[in-house]
Amino acid sequence: MRTTDRQTRENRTITVDFQNEATYFQLLDNGKAFLECVLAFVLSLGFQLQHKATCRGGGCLTRHSHYARVRLGGVTIWRIQCTTCKAVFTVLPHFVLRYRSMRPDVARDALLATHGGLSLELCAVISHISPMALYRLVCALGHQGLVTVLTRCGLPLPVYFLADEKHSHCLTDKVYLPTVVRGRVLWHLGYTENARAAAFTKSYQEFQRAACQQEPSYRVRGVLTDGFDSTTKSLRTLFPGARLGLCLRHALLKLPKKLAAIPSPVRTALRTRFHTLLYRARQRKSLRVFALGQRLRHFADYVTTMAGAANGERVRRWVQDKKAGWYTVLADPQMPVTSTVLDQAHNALERKLFAMKGFHHPGGSQQAFLTGLAHLYNLVPYQRRAQHAGQCGVEVEGGRVPTADWMLNLQILTSGGYQCAPAPPHH
Ligand SMILES: [Zn+2]
């Protein structure tokens, strides 16, 4: 079984939109026009070609060699070469998927159904492909990192973000998916079999490394979590200068669990009071941190009065433990307040992972598969009736996508041969 597209050679494939197949076949016989068309397309994207590290990219491009894609009925694929650094780029027309005999229109339907939560097996049935072929396609998309694709869309690296782990299962083993979300976009979706801080650190570090590669001066200002110990520890290790906030909505959900053996109306009343407290603290801009400390003390006293000393003491200790994280949220107006969008992302993934149990074998390419799913999450437009209808997450967050076609965007943005860096400073 081939383990997808791992290559020692650098992948310099580029997907080019030739508008229609007839145009492509006409251009095959005209080297000059072919090159001009490719270069015009690259220019229209605002991208550059990924030359070798030593190359300034100022050299000429020339048509280099071609090969025939047997599995696609002998479609001729051209390669082009930089005359300076000798880097070779494989030019895939829009109607061909890298290494795959599947046509993009077939892949489009299958991926959309996967994204919608249909099982791989059923997606395969409606598209007349094998479930394994679909699995490998998602993995292949996932070999290009999220940070690379998102920065290609012009999104700035997230200075404030949400971080949390999704708990899932790989067969009977518990696994965790460390996640970084900013608004409607997933910046990291990792995979670890261990809930310890060291394992989470390793996963979040992959995001950090990718981000710093894009922008060496990248600094995180604030992260919102649900307060899980391993998460907090790993983020503190990786982003020592960042403020760590705790989700206020999560605090509200946790409170009733701190109140034992009391009638339900009392519990509801206390929760309402706590809700009002947090809400008011958010309204009072400059005073809100000071006001919150005082109000939290009063609230614990109130719990003692209403629900007894044991409950009062439990709430007091809980507040003591969490309040720094709540202060952080209230002190910095740019900090995200709740992790709702992160929960939505996890819920969306949950349906797919559940539908995919058969592929959760320990030897699978979990990381690539998850990254592939995350690309779909970021780039598939919302449906017609939804809020932000017709836009994908990247666009909602202010990013640009290369074309109006999400499948083509996916092909272009996960290509290895593009880079989005502005012109090198040597010019
Ligand atoms: Zn070059």
# chains A, B, ... in the order shown; residues from 1 in each chain; ligands from 1

$ residues_around --residues "Trp318 (chain A)" --least-positions-apart "2" --cutoff "12 Å" --atoms "only C-alpha atoms" --output "PyMOL selection string"
chain A and resi 227+251+254-259+296-297+300+311-316+320-326

$ closest_atom_pairs --of "chain A" --to "ligand 1" --cutoff "10 Å" --atoms "only C-alpha atoms and all ligand atoms" --output "tab-separated table"
residue	atom	partner	partner_atom_place_in_ligand_line	distance
A:Leu49	CA	ligand 1	1 (Zn)	8.3
A:Gln50	CA	ligand 1	1 (Zn)	7.9
A:His51	CA	ligand 1	1 (Zn)	4.5
A:Lys52	CA	ligand 1	1 (Zn)	5.9
A:Ala53	CA	ligand 1	1 (Zn)	8.4
A:Thr54	CA	ligand 1	1 (Zn)	7.9
A:Cys55	CA	ligand 1	1 (Zn)	4.7
A:Arg56	CA	ligand 1	1 (Zn)	6.4
A:Gly57	CA	ligand 1	1 (Zn)	4.5
A:Gly58	CA	ligand 1	1 (Zn)	7.0
A:Gly59	CA	ligand 1	1 (Zn)	6.0
A:Cys60	CA	ligand 1	1 (Zn)	8.0
A:Leu61	CA	ligand 1	1 (Zn)	8.2
A:Gln81	CA	ligand 1	1 (Zn)	7.9
A:Cys82	CA	ligand 1	1 (Zn)	4.6
A:Thr83	CA	ligand 1	1 (Zn)	6.6
A:Thr84	CA	ligand 1	1 (Zn)	5.0
A:Cys85	CA	ligand 1	1 (Zn)	4.0
A:Lys86	CA	ligand 1	1 (Zn)	6.1
A:Ala87	CA	ligand 1	1 (Zn)	5.8
A:Val88	CA	ligand 1	1 (Zn)	8.8

$ write_last_selection --atoms "N, CA and C atoms" --output "PDB file, in the first residue's frame"
ATOM      1  N   LEU A  49       6.744  31.514  -7.976  1.00  0.00           N
ATOM      2  CA  LEU A  49       7.121  30.108  -8.001  1.00  0.00           C
ATOM      3  C   LEU A  49       8.193  29.861  -6.940  1.00  0.00           C
ATOM      4  N   GLN A  50       8.127  28.661  -6.370  1.00  0.00           N
ATOM      5  CA  GLN A  50       9.051  28.296  -5.290  1.00  0.00           C
ATOM      6  C   GLN A  50      10.371  27.804  -5.907  1.00  0.00           C
ATOM      7  N   HIS A  51      11.284  28.742  -6.122  1.00  0.00           N
ATOM      8  CA  HIS A  51      12.578  28.366  -6.686  1.00  0.00           C
ATOM      9  C   HIS A  51      13.456  27.738  -5.610  1.00  0.00           C
ATOM     10  N   LYS A  52      14.645  27.286  -6.000  1.00  0.00           N
ATOM     11  CA  LYS A  52      15.580  26.779  -4.995  1.00  0.00           C
ATOM     12  C   LYS A  52      16.075  27.938  -4.147  1.00  0.00           C
ATOM     13  N   ALA A  53      16.518  27.595  -2.937  1.00  0.00           N
ATOM     14  CA  ALA A  53      16.844  28.625  -1.946  1.00  0.00           C
ATOM     15  C   ALA A  53      17.863  29.630  -2.462  1.00  0.00           C
ATOM     16  N   THR A  54      18.772  29.188  -3.293  1.00  0.00           N
ATOM     17  CA  THR A  54      19.849  30.059  -3.753  1.00  0.00           C
ATOM     18  C   THR A  54      19.408  30.977  -4.881  1.00  0.00           C
ATOM     19  N   CYS A  55      18.203  30.760  -5.426  1.00  0.00           N
ATOM     20  CA  CYS A  55      17.785  31.462  -6.630  1.00  0.00           C
ATOM     21  C   CYS A  55      16.987  32.707  -6.307  1.00  0.00           C
ATOM     22  N   ARG A  56      17.263  33.790  -7.006  1.00  0.00           N
ATOM     23  CA  ARG A  56      16.491  35.022  -6.808  1.00  0.00           C
ATOM     24  C   ARG A  56      15.203  34.994  -7.633  1.00  0.00           C
ATOM     25  N   GLY A  57      15.083  34.005  -8.478  1.00  0.00           N
ATOM     26  CA  GLY A  57      13.857  33.898  -9.266  1.00  0.00           C
ATOM     27  C   GLY A  57      13.820  34.824 -10.463  1.00  0.00           C
ATOM     28  N   GLY A  58      14.935  35.482 -10.722  1.00  0.00           N
ATOM     29  CA  GLY A  58      14.946  36.446 -11.819  1.00  0.00           C
ATOM     30  C   GLY A  58      15.205  35.816 -13.181  1.00  0.00           C
ATOM     31  N   GLY A  59      15.529  34.526 -13.156  1.00  0.00           N
ATOM     32  CA  GLY A  59      15.898  33.854 -14.410  1.00  0.00           C
ATOM     33  C   GLY A  59      14.711  33.604 -15.310  1.00  0.00           C
ATOM     34  N   CYS A  60      14.971  33.050 -16.448  1.00  0.00           N
ATOM     35  CA  CYS A  60      13.904  32.741 -17.381  1.00  0.00           C
ATOM     36  C   CYS A  60      13.349  31.353 -17.102  1.00  0.00           C
ATOM     37  N   LEU A  61      12.122  31.159 -17.530  1.00  0.00           N
ATOM     38  CA  LEU A  61      11.526  29.832 -17.449  1.00  0.00           C
ATOM     39  C   LEU A  61      11.481  29.250 -18.850  1.00  0.00           C
ATOM     40  N   GLN A  81      11.079  24.723 -16.374  1.00  0.00           N
ATOM     41  CA  GLN A  81      12.297  24.789 -15.569  1.00  0.00           C
ATOM     42  C   GLN A  81      12.827  26.214 -15.500  1.00  0.00           C
ATOM     43  N   CYS A  82      13.361  26.565 -14.339  1.00  0.00           N
ATOM     44  CA  CYS A  82      14.035  27.851 -14.180  1.00  0.00           C
ATOM     45  C   CYS A  82      15.442  27.691 -14.753  1.00  0.00           C
ATOM     46  N   THR A  83      15.823  28.597 -15.625  1.00  0.00           N
ATOM     47  CA  THR A  83      17.133  28.453 -16.276  1.00  0.00           C
ATOM     48  C   THR A  83      18.259  28.805 -15.309  1.00  0.00           C
ATOM     49  N   THR A  84      17.945  29.485 -14.220  1.00  0.00           N
ATOM     50  CA  THR A  84      18.988  29.864 -13.267  1.00  0.00           C
ATOM     51  C   THR A  84      19.251  28.753 -12.246  1.00  0.00           C
ATOM     52  N   CYS A  85      18.203  28.345 -11.508  1.00  0.00           N
ATOM     53  CA  CYS A  85      18.425  27.375 -10.423  1.00  0.00           C
ATOM     54  C   CYS A  85      18.055  25.960 -10.839  1.00  0.00           C
ATOM     55  N   LYS A  86      17.557  25.792 -12.020  1.00  0.00           N
ATOM     56  CA  LYS A  86      17.202  24.470 -12.564  1.00  0.00           C
ATOM     57  C   LYS A  86      16.024  23.806 -11.834  1.00  0.00           C
ATOM     58  N   ALA A  87      15.303  24.560 -10.998  1.00  0.00           N
ATOM     59  CA  ALA A  87      14.113  23.993 -10.350  1.00  0.00           C
ATOM     60  C   ALA A  87      13.085  23.636 -11.423  1.00  0.00           C
ATOM     61  N   VAL A  88      12.473  22.470 -11.264  1.00  0.00           N
ATOM     62  CA  VAL A  88      11.509  22.001 -12.258  1.00  0.00           C
ATOM     63  C   VAL A  88      10.100  22.024 -11.664  1.00  0.00           C
TER      64      VAL A  88
END

$ select_by_dssp --residues "region 39-230 of chain A" --states "strand (DSSP E)" --output "NGL selection string"
:A and (48-49 or 61-69 or 75-82 or 88-93 or 160-170 or 173-182 or 185-189 or 222-225)

$ select_by_dssp --residues "region 39-265 of chain A" --states "alpha helix (DSSP H)" --output "MDAnalysis selection string"
chainID A and resid 39:45 104:115 120:127 131:141 146:152 197:214 229:238 248:258 264:265

$ closest_residue --among "A:Pro93, A:Gly73, A:Pro336, A:Gly183" --to "Cys37 (chain A)" --atoms "only C-alpha atoms"
A:Pro93

$ closest_atom_pairs --of "region 138-166 of chain A" --to "region 110-129 of chain A" --cutoff "12 Å" --atoms "only C-alpha atoms" --output "CSV"
residue,atom,partner,partner_atom,distance
A:Val138,CA,A:Leu111,CA,7.9
A:Cys139,CA,A:Leu111,CA,11.7
A:Leu141,CA,A:Leu111,CA,10.9

$ residues_around --residues "Thr237 (chain A)" --least-positions-apart "4" --cutoff "9 Å" --atoms "only C-alpha atoms" --output "MDAnalysis selection string"
chainID A and resid 201 232:233

$ closest_atom_pairs --of "region 123-187 of chain A" --to "region 213-222 of chain A" --cutoff "7 Å" --atoms "only C-alpha atoms" --output "CSV"
residue,atom,partner,partner_atom,distance
A:Val159,CA,A:Val220,CA,4.7
A:Tyr160,CA,A:Gly222,CA,4.7
A:Phe161,CA,A:Gly222,CA,6.7

$ atom_distance --atom1 "CA of Ala261 (chain A)" --atom2 "CA of Leu248 (chain A)"
24.4 Å

$ closest_residue --among "A:Arg98, A:Arg271, A:Arg63, A:Arg184" --to "His388 (chain A)" --atoms "only C-alpha atoms"
A:Arg184

$ residues_around --residues "Asp17 (chain A)" --least-positions-apart "6" --cutoff "8 Å" --atoms "only C-alpha atoms" --output "number ranges by chain"
A: 41, 93-94, 408

$ atom_distance --atom1 "CA of Ser365 (chain A)" --atom2 "CA of Tyr191 (chain A)"
10.1 Å

$ atom_distance --atom1 "CA of Ile14 (chain A)" --atom2 "CA of Arg400 (chain A)"
18.4 Å

$ residues_around --residues "region 174-182 of chain A" --least-positions-apart "2" --cutoff "6 Å" --atoms "only C-alpha atoms" --output "PyMOL selection string"
chain A and resi 161-169+185-193+342

$ write_last_selection --atoms "C-alpha atoms" --output "PDB file, in the first residue's frame"
ATOM      1  CA  PHE A 161      -6.525  32.666  19.248  1.00  0.00           C
ATOM      2  CA  LEU A 162      -8.458  29.868  20.920  1.00  0.00           C
ATOM      3  CA  ALA A 163      -6.759  26.608  21.829  1.00  0.00           C
ATOM      4  CA  ASP A 164      -8.333  23.381  23.033  1.00  0.00           C
ATOM      5  CA  GLU A 165      -8.160  19.671  22.413  1.00  0.00           C
ATOM      6  CA  LYS A 166     -10.867  17.517  20.965  1.00  0.00           C
ATOM      7  CA  HIS A 167     -11.096  14.140  22.679  1.00  0.00           C
ATOM      8  CA  SER A 168     -11.623  11.367  20.179  1.00  0.00           C
ATOM      9  CA  HIS A 169     -10.976   7.664  19.709  1.00  0.00           C
ATOM     10  CA  VAL A 185     -10.599  29.366  10.532  1.00  0.00           C
ATOM     11  CA  LEU A 186      -8.628  26.378  11.830  1.00  0.00           C
ATOM     12  CA  TRP A 187      -4.904  27.187  12.074  1.00  0.00           C
ATOM     13  CA  HIS A 188      -3.863  23.894  13.620  1.00  0.00           C
ATOM     14  CA  LEU A 189      -5.436  20.481  14.021  1.00  0.00           C
ATOM     15  CA  GLY A 190      -2.960  18.073  15.587  1.00  0.00           C
ATOM     16  CA  TYR A 191      -3.060  14.482  16.698  1.00  0.00           C
ATOM     17  CA  THR A 192      -1.669  12.930  19.861  1.00  0.00           C
ATOM     18  CA  GLU A 193      -2.311   9.735  21.788  1.00  0.00           C
ATOM     19  CA  LEU A 342     -13.808  26.460  18.573  1.00  0.00           C
TER      20      LEU A 342
END

$ closest_residue --among "A:Leu97, A:Arg282, A:Val42, A:Gln411" --to "Arg69 (chain A)" --atoms "only C-alpha atoms"
A:Leu97

$ residues_around --residues "Tyr377 (chain A)" --least-positions-apart "2" --cutoff "9 Å" --atoms "only C-alpha atoms" --output "ChimeraX atom specification"
/A:115,184-186,345,348-349,372-375,379-381,392-393

$ closest_residue --among "A:Val16, A:Val223, A:Leu376, A:Leu39" --to "Ile77 (chain A)" --atoms "only C-alpha atoms"
A:Val16

$ residues_around --residues "Leu72 (chain A)" --least-positions-apart "4" --cutoff "12 Å" --atoms "only C-alpha atoms" --output "list in words"
Tyr67, Ala68, Thr76, Ile77, Phe95, Val96, Leu97, Arg98, Tyr99, Arg100, Ser101, Met102, Arg103 and Pro104 of chain A

$ decode --residues "region 303-317 of chain A" --atoms "N, CA and C atoms" --output "PDB file, in the first residue's frame"
ATOM      1  N   VAL A 303     -23.137  32.315  47.948  1.00  0.00           N
ATOM      2  CA  VAL A 303     -23.307  30.863  47.801  1.00  0.00           C
ATOM      3  C   VAL A 303     -23.355  30.210  49.180  1.00  0.00           C
ATOM      4  N   THR A 304     -22.475  30.653  50.075  1.00  0.00           N
ATOM      5  CA  THR A 304     -22.468  30.126  51.441  1.00  0.00           C
ATOM      6  C   THR A 304     -23.831  30.334  52.105  1.00  0.00           C
ATOM      7  N   THR A 305     -24.372  31.515  51.951  1.00  0.00           N
ATOM      8  CA  THR A 305     -25.674  31.843  52.543  1.00  0.00           C
ATOM      9  C   THR A 305     -26.787  30.967  51.950  1.00  0.00           C
ATOM     10  N   MET A 306     -26.765  30.825  50.638  1.00  0.00           N
ATOM     11  CA  MET A 306     -27.866  30.138  49.961  1.00  0.00           C
ATOM     12  C   MET A 306     -27.718  28.622  49.936  1.00  0.00           C
ATOM     13  N   ALA A 307     -26.474  28.125  49.863  1.00  0.00           N
ATOM     14  CA  ALA A 307     -26.278  26.697  49.606  1.00  0.00           C
ATOM     15  C   ALA A 307     -25.380  26.024  50.636  1.00  0.00           C
ATOM     16  N   GLY A 308     -25.031  26.726  51.680  1.00  0.00           N
ATOM     17  CA  GLY A 308     -24.271  26.113  52.762  1.00  0.00           C
ATOM     18  C   GLY A 308     -22.774  26.318  52.641  1.00  0.00           C
ATOM     19  N   ALA A 309     -22.089  26.067  53.764  1.00  0.00           N
ATOM     20  CA  ALA A 309     -20.654  26.372  53.854  1.00  0.00           C
ATOM     21  C   ALA A 309     -19.821  25.525  52.897  1.00  0.00           C
ATOM     22  N   ALA A 310     -20.180  24.250  52.752  1.00  0.00           N
ATOM     23  CA  ALA A 310     -19.373  23.356  51.902  1.00  0.00           C
ATOM     24  C   ALA A 310     -19.370  23.844  50.460  1.00  0.00           C
ATOM     25  N   ASN A 311     -20.558  24.171  49.957  1.00  0.00           N
ATOM     26  CA  ASN A 311     -20.654  24.681  48.587  1.00  0.00           C
ATOM     27  C   ASN A 311     -19.942  26.025  48.455  1.00  0.00           C
ATOM     28  N   GLY A 312     -20.121  26.867  49.454  1.00  0.00           N
ATOM     29  CA  GLY A 312     -19.482  28.183  49.437  1.00  0.00           C
ATOM     30  C   GLY A 312     -17.977  28.046  49.348  1.00  0.00           C
ATOM     31  N   GLU A 313     -17.447  27.109  50.130  1.00  0.00           N
ATOM     32  CA  GLU A 313     -15.996  26.916  50.164  1.00  0.00           C
ATOM     33  C   GLU A 313     -15.493  26.366  48.814  1.00  0.00           C
ATOM     34  N   ARG A 314     -16.259  25.435  48.248  1.00  0.00           N
ATOM     35  CA  ARG A 314     -15.869  24.853  46.958  1.00  0.00           C
ATOM     36  C   ARG A 314     -15.829  25.928  45.868  1.00  0.00           C
ATOM     37  N   VAL A 315     -16.854  26.779  45.879  1.00  0.00           N
ATOM     38  CA  VAL A 315     -16.913  27.854  44.883  1.00  0.00           C
ATOM     39  C   VAL A 315     -15.767  28.837  45.110  1.00  0.00           C
ATOM     40  N   ARG A 316     -15.475  29.133  46.375  1.00  0.00           N
ATOM     41  CA  ARG A 316     -14.408  30.079  46.680  1.00  0.00           C
ATOM     42  C   ARG A 316     -13.064  29.566  46.135  1.00  0.00           C
ATOM     43  N   ARG A 317     -12.801  28.276  46.356  1.00  0.00           N
ATOM     44  CA  ARG A 317     -11.522  27.695  45.881  1.00  0.00           C
ATOM     45  C   ARG A 317     -11.472  27.679  44.345  1.00  0.00           C
TER      46      ARG A 317
END
